[in-house]
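Asker: To start, I am sharing the structure in question, which I have written as structure tokens.
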Amino acid sequence: MARGSSGQVPEALPEADRLDPFPHPRATSKLYGHMAARSEFDRALTTGRCHHAWLLAGPEGIGKATFAYAVTCFALAEDHERTGEGALAVQADGRTSRQVRALSHPGVMIIRRPYDLKDKRIRAVVTVDEVRRLKGFLTRTAAGGWRVVIVDAIDDLNTAAANALLKSLEEPPPRSLFLLVCREPGRLLPTIRSRCRTIRLDRLSVDDVVDAAKSASVSADTDLDLPDDLDWRRVAAASGGSVRRCLMLANGNGEAIVGSVRRILTMLPKVDWSEAHILAERLAGANQSAQFEMFYTLLLEDMADVARSGAGMTGLPQHTEGLGAQLVRAGRLASWAELWESIAAERAAAVTLNLDRKTLILDTIDRLANATRG
């Protein structure tokens, strides 16, 4: 794979941490929500009393990566680039912000699933080779006083990569800052969690989701298939505080797919197999890769919220709040988590190996029914 001198993947290649065709999180000029976390990082970086490793935890699509890049820009910015107009505020057109957006800042390293030029696809996991690049990076002189490592997402590291990262977390050089984007902290190695300070980023308000989604839509790389009568607030309210989900619902056939996912989950353990076959046939079509990905993204997000509901967590999207007790029977939370991991892995394998998607979808629905029966 062609790489620049800093080892970063060129902008032109597909990126695992981007929802196409919308801008990458590092290109987002404004951060929405997360005011308490912003203030905490602002104080830590301004006073110089900043822990070296942070887990930025929370549901998918709420701005964790955007937050990580905002922290990075603030940490590396020169004094005159910090505007003082709010926590973590820097000049959007300043030198530091431009370099971070272009992945050309010498003080930043991004670890994420790489694009494989040979196979023409993004790899399913972060391998140990990606993490080993840290050794050279951490020996450099800190630029702007800091060396910043963004891992997006740490959930994607395989076992060898996670162990290699742990070594850097255990003995970090001075002025090193690790920002670890994380969907499920409970699945990480306990030794990694113990060396990090965790900040739980909350779901965004409807107003913040609307503003962020509109901004992303205006900045999209291509014309979007947005309905003429699109009601942003209605779509945002159905997004569960996730800008990513809001954009997926607004673009193309998103609302129909979310309706299918919700019907599948609310009917369990029963299944309308006629509807399931129609859905699987549609999503497995030759030009339906984006719809297939959307289905699994929405399903896995709802399954994760069902698990949280079953564990007694509150503040979840309204449509999943009651499903925890219905679907995750007493003592079955671990089994549900294993099912989530298995479905996620099979979805990734189907994309990587170009497996039969119709069969996969029907098998997923059948496994959900079996897991909630009896």
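Numbering starts fresh at 1 for the residues of each chain in the structure tokens, the chains themselves are lettered A, B, ... in the order given, and ligands are numbered from 1 as they appear.
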What lies within 9 Å of Cys182 (chain A) using only C-alpha atoms, ignoring chain neighbours under 2 positions off, as a short mmCIF file (atom, residue, chain, number, x, y, z; two decimals) with all heavy atoms, in the first residue's frame?

Answerer:
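See part_17.cif below for the written result:
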```
data_model
loop_
_atom_site.label_atom_id
_atom_site.label_comp_id
_atom_site.auth_asym_id
_atom_site.auth_seq_id
_atom_site.Cartn_x
_atom_site.Cartn_y
_atom_site.Cartn_z
N LEU A 55 -9.83 6.55 27.04
CA LEU A 55 -10.84 5.80 26.29
C LEU A 55 -12.01 6.73 26.03
O LEU A 55 -12.66 7.20 26.97
CB LEU A 55 -11.32 4.59 27.09
CG LEU A 55 -10.51 3.30 27.05
CD1 LEU A 55 -11.17 2.24 27.93
CD2 LEU A 55 -10.36 2.78 25.63
N LEU A 56 -12.28 7.01 24.77
CA LEU A 56 -13.44 7.82 24.39
C LEU A 56 -14.56 6.85 24.05
O LEU A 56 -14.65 6.34 22.93
CB LEU A 56 -13.10 8.72 23.21
CG LEU A 56 -11.85 9.61 23.38
CD1 LEU A 56 -11.62 10.45 22.14
CD2 LEU A 56 -11.98 10.48 24.62
N ALA A 57 -15.40 6.56 25.02
CA ALA A 57 -16.37 5.48 24.90
C ALA A 57 -17.76 6.02 24.62
O ALA A 57 -18.13 7.12 25.06
CB ALA A 57 -16.38 4.64 26.17
N GLY A 58 -18.54 5.23 23.92
CA GLY A 58 -19.92 5.60 23.65
C GLY A 58 -20.45 4.91 22.42
O GLY A 58 -19.70 4.28 21.66
N PRO A 59 -21.76 5.00 22.19
CA PRO A 59 -22.37 4.34 21.03
C PRO A 59 -21.81 4.86 19.71
O PRO A 59 -21.22 5.95 19.65
CB PRO A 59 -23.87 4.70 21.17
CG PRO A 59 -24.04 5.10 22.59
CD PRO A 59 -22.75 5.70 23.03
N GLU A 60 -21.99 4.08 18.67
CA GLU A 60 -21.46 4.46 17.36
C GLU A 60 -22.21 5.66 16.81
O GLU A 60 -23.42 5.80 16.96
CB GLU A 60 -21.59 3.28 16.38
CG GLU A 60 -20.83 3.49 15.09
CD GLU A 60 -20.62 2.19 14.33
OE1 GLU A 60 -21.15 1.17 14.76
OE2 GLU A 60 -19.91 2.22 13.32
N LYS A 64 -17.47 10.43 18.55
CA LYS A 64 -16.25 10.09 19.31
C LYS A 64 -14.99 10.42 18.51
O LYS A 64 -14.04 10.99 19.04
CB LYS A 64 -16.26 8.62 19.71
CG LYS A 64 -17.44 8.20 20.58
CD LYS A 64 -17.32 6.77 21.05
CE LYS A 64 -17.33 5.75 19.93
NZ LYS A 64 -18.58 5.77 19.14
N VAL A 151 -6.50 5.93 17.96
CA VAL A 151 -6.86 4.57 17.56
C VAL A 151 -8.36 4.55 17.30
O VAL A 151 -9.15 4.75 18.23
CB VAL A 151 -6.49 3.52 18.62
CG1 VAL A 151 -6.84 2.12 18.14
CG2 VAL A 151 -5.00 3.61 18.96
N ASP A 152 -8.74 4.33 16.06
CA ASP A 152 -10.16 4.41 15.68
C ASP A 152 -10.52 3.20 14.82
O ASP A 152 -10.31 3.20 13.61
CB ASP A 152 -10.41 5.70 14.91
CG ASP A 152 -11.88 5.94 14.62
OD1 ASP A 152 -12.73 5.23 15.22
OD2 ASP A 152 -12.19 6.82 13.81
N ALA A 153 -11.06 2.18 15.47
CA ALA A 153 -11.42 2.10 16.87
C ALA A 153 -10.61 0.98 17.52
O ALA A 153 -10.22 0.02 16.86
CB ALA A 153 -12.91 1.81 17.01
N ILE A 154 -10.42 1.09 18.83
CA ILE A 154 -9.65 0.08 19.53
C ILE A 154 -10.38 -1.26 19.53
O ILE A 154 -9.76 -2.32 19.66
CB ILE A 154 -9.33 0.54 20.97
CG1 ILE A 154 -8.28 -0.38 21.60
CG2 ILE A 154 -10.60 0.64 21.81
CD1 ILE A 154 -7.74 0.12 22.91
N ASP A 155 -11.70 -1.23 19.34
CA ASP A 155 -12.47 -2.47 19.24
C ASP A 155 -12.03 -3.33 18.06
O ASP A 155 -12.27 -4.54 18.04
CB ASP A 155 -13.96 -2.16 19.07
CG ASP A 155 -14.48 -1.16 20.07
OD1 ASP A 155 -14.12 0.02 19.96
OD2 ASP A 155 -15.24 -1.55 20.96
N LEU A 180 -8.21 6.72 22.41
CA LEU A 180 -8.68 5.42 21.96
C LEU A 180 -10.20 5.45 21.80
O LEU A 180 -10.95 5.43 22.78
CB LEU A 180 -8.27 4.34 22.97
CG LEU A 180 -6.81 4.39 23.44
CD1 LEU A 180 -6.54 3.29 24.46
CD2 LEU A 180 -5.86 4.26 22.25
N GLU A 184 -17.24 -0.48 22.85
CA GLU A 184 -17.60 -1.39 23.93
C GLU A 184 -16.41 -1.60 24.87
O GLU A 184 -15.63 -2.55 24.70
CB GLU A 184 -18.06 -2.74 23.36
CG GLU A 184 -19.31 -2.67 22.49
CD GLU A 184 -20.56 -2.34 23.28
OE1 GLU A 184 -20.55 -2.53 24.52
OE2 GLU A 184 -21.53 -1.88 22.66
N PRO A 185 -16.22 -0.73 25.86
CA PRO A 185 -15.06 -0.87 26.77
C PRO A 185 -14.99 -2.21 27.47
O PRO A 185 -13.90 -2.71 27.76
CB PRO A 185 -15.28 0.28 27.79
CG PRO A 185 -16.15 1.26 27.08
CD PRO A 185 -17.04 0.45 26.18
N LEU A 188 -12.66 -4.93 26.01
CA LEU A 188 -11.22 -4.71 25.90
C LEU A 188 -10.46 -5.52 26.94
O LEU A 188 -11.03 -5.96 27.94
CB LEU A 188 -10.89 -3.22 26.10
CG LEU A 188 -11.55 -2.24 25.15
CD1 LEU A 188 -11.10 -0.82 25.48
CD2 LEU A 188 -11.24 -2.58 23.70
#
```

Asker: To test your reading of the structure, identify every residue in region 142-318 of chain A that backbone DSSP assigns to strand (DSSP E), and report it as a VMD selection string.

Answerer: chain A and resid 147 to 152 176 to 182 197 to 200

Asker: Can you tell me, as an MDAnalysis selection string, which residues in region 154-337 of chain A count as helix (DSSP H, G or I) by DSSP?

Answerer: chainID A and resid 154:156 159:170 185:187 190:194 206:218 232:237 243:250 254:267 273:283 289:310 318:321 323:327 333:337

Asker: Using only C-alpha atoms for the distances, tell me which of A:Ala371, A:Leu316, A:Ala70, A:Met248 is nearest to Phe22 (chain A).

Answerer: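 Nearest to Phe22 (chain A): A:Met248.
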
Asker: Given only C-alpha atoms as the basis, pick out the residue of A:Ala276, A:Ile111, A:Ala349, A:Leu265 nearest to Val306 (chain A).

Answerer: A:Leu265

Asker: Smallest atom-to-atom distance to Pro106 (chain A): which of A:Val149, A:Ala161, A:Ala68, A:Leu169, using only C-alpha atoms?

Answerer: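 Between A:Val149, A:Ala161, A:Ala68, A:Leu169, the residue approaching Pro106 (chain A) most closely is A:Val149.
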
Asker: So how many Å separate CA of Arg244 (chain A) and CA of Thr359 (chain A), to one decimal?

Answerer: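 Those two atoms sit 26.9 Å apart.
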
Asker: With region 234-238 of chain A as the partner and 10 Å as the cut-off, tabulate the residues of region 262-330 of chain A that qualify, each row holding the nearest pair of atoms and their distance in Å to one decimal, using only C-alpha atoms, sorted by chain and rising number, as a Markdown table.

Answerer:
```
| residue | atom | partner | partner_atom | distance |
| --- | --- | --- | --- | --- |
| A:Pro317 | CA | A:Ala238 | CA | 7.9 |
| A:Gln318 | CA | A:Ala238 | CA | 8.6 |
| A:His319 | CA | A:Ala238 | CA | 8.6 |
```

Asker: Emit the selected residues as a PDB file, in the first residue's frame, including all heavy atoms.

Answerer:
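out-v6.pdb written:
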```
ATOM      1  N   PRO A 317     -32.374   4.737  23.339  1.00  0.00           N
ATOM      2  CA  PRO A 317     -33.425   5.101  22.384  1.00  0.00           C
ATOM      3  C   PRO A 317     -34.753   4.452  22.774  1.00  0.00           C
ATOM      4  O   PRO A 317     -34.793   3.303  23.224  1.00  0.00           O
ATOM      5  CB  PRO A 317     -32.903   4.534  21.062  1.00  0.00           C
ATOM      6  CG  PRO A 317     -31.423   4.523  21.220  1.00  0.00           C
ATOM      7  CD  PRO A 317     -31.180   4.195  22.663  1.00  0.00           C
ATOM      8  N   GLN A 318     -35.815   5.175  22.598  1.00  0.00           N
ATOM      9  CA  GLN A 318     -37.125   4.732  23.077  1.00  0.00           C
ATOM     10  C   GLN A 318     -37.521   3.365  22.522  1.00  0.00           C
ATOM     11  O   GLN A 318     -38.096   2.543  23.238  1.00  0.00           O
ATOM     12  CB  GLN A 318     -38.190   5.772  22.712  1.00  0.00           C
ATOM     13  CG  GLN A 318     -39.566   5.469  23.276  1.00  0.00           C
ATOM     14  CD  GLN A 318     -40.556   6.580  22.977  1.00  0.00           C
ATOM     15  OE1 GLN A 318     -40.213   7.566  22.328  1.00  0.00           O
ATOM     16  NE2 GLN A 318     -41.778   6.424  23.433  1.00  0.00           N
ATOM     17  N   HIS A 319     -37.178   3.106  21.270  1.00  0.00           N
ATOM     18  CA  HIS A 319     -37.645   1.858  20.654  1.00  0.00           C
ATOM     19  C   HIS A 319     -36.914   0.631  21.197  1.00  0.00           C
ATOM     20  O   HIS A 319     -37.356  -0.495  20.966  1.00  0.00           O
ATOM     21  CB  HIS A 319     -37.512   1.924  19.136  1.00  0.00           C
ATOM     22  CG  HIS A 319     -36.100   1.940  18.637  1.00  0.00           C
ATOM     23  ND1 HIS A 319     -35.342   3.100  18.596  1.00  0.00           N
ATOM     24  CD2 HIS A 319     -35.290   0.962  18.170  1.00  0.00           C
ATOM     25  CE1 HIS A 319     -34.156   2.826  18.122  1.00  0.00           C
ATOM     26  NE2 HIS A 319     -34.085   1.538  17.853  1.00  0.00           N
TER      27      HIS A 319
END
```

Asker: For region 118-131 of chain A, please output as an NGL selection string all residues within 9 Å (counting only C-alpha atoms; exclusion window: fewer than 6 positions along the same chain).

Answerer: :A and (1 or 14-16 or 111-112 or 153-165 or 345 or 348-349 or 351-352)

Asker: With only C-alpha atoms as the atoms that count, which of A:Thr297, A:Ser215, A:Ser205, A:Gln288 lies nearest to Ser242 (chain A)?

Answerer: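 Selected residue with least distance to Ser242 (chain A): A:Ser205.
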
Asker: Which of these residues is nearest to Gly285 (chain A), using only C-alpha atoms: A:Arg193, A:Arg347, A:Arg357, A:Arg373?

Answerer: A:Arg357

Asker: Have a look at A:Asp356, A:Arg187, A:Leu204, A:Ser219 and name the one nearest to Glu338 (chain A); count only C-alpha atoms.

Answerer: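 For Glu338 (chain A), the nearest of the given residues is A:Arg187.
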
Asker: Determine, using only C-alpha atoms, which residues of region 165-227 of chain A have any atom at most 10 Å from an atom of region 72-94 of chain A, and tabulate each with its shortest atom pair and distance in Å to one decimal place, rows ordered by chain and then rising number, as CSV.

Answerer:
```
residue,atom,partner,partner_atom,distance
A:Leu177,CA,A:Thr72,CA,8.8
A:Phe178,CA,A:Thr72,CA,9.8
A:Leu179,CA,A:Thr72,CA,8.6
```
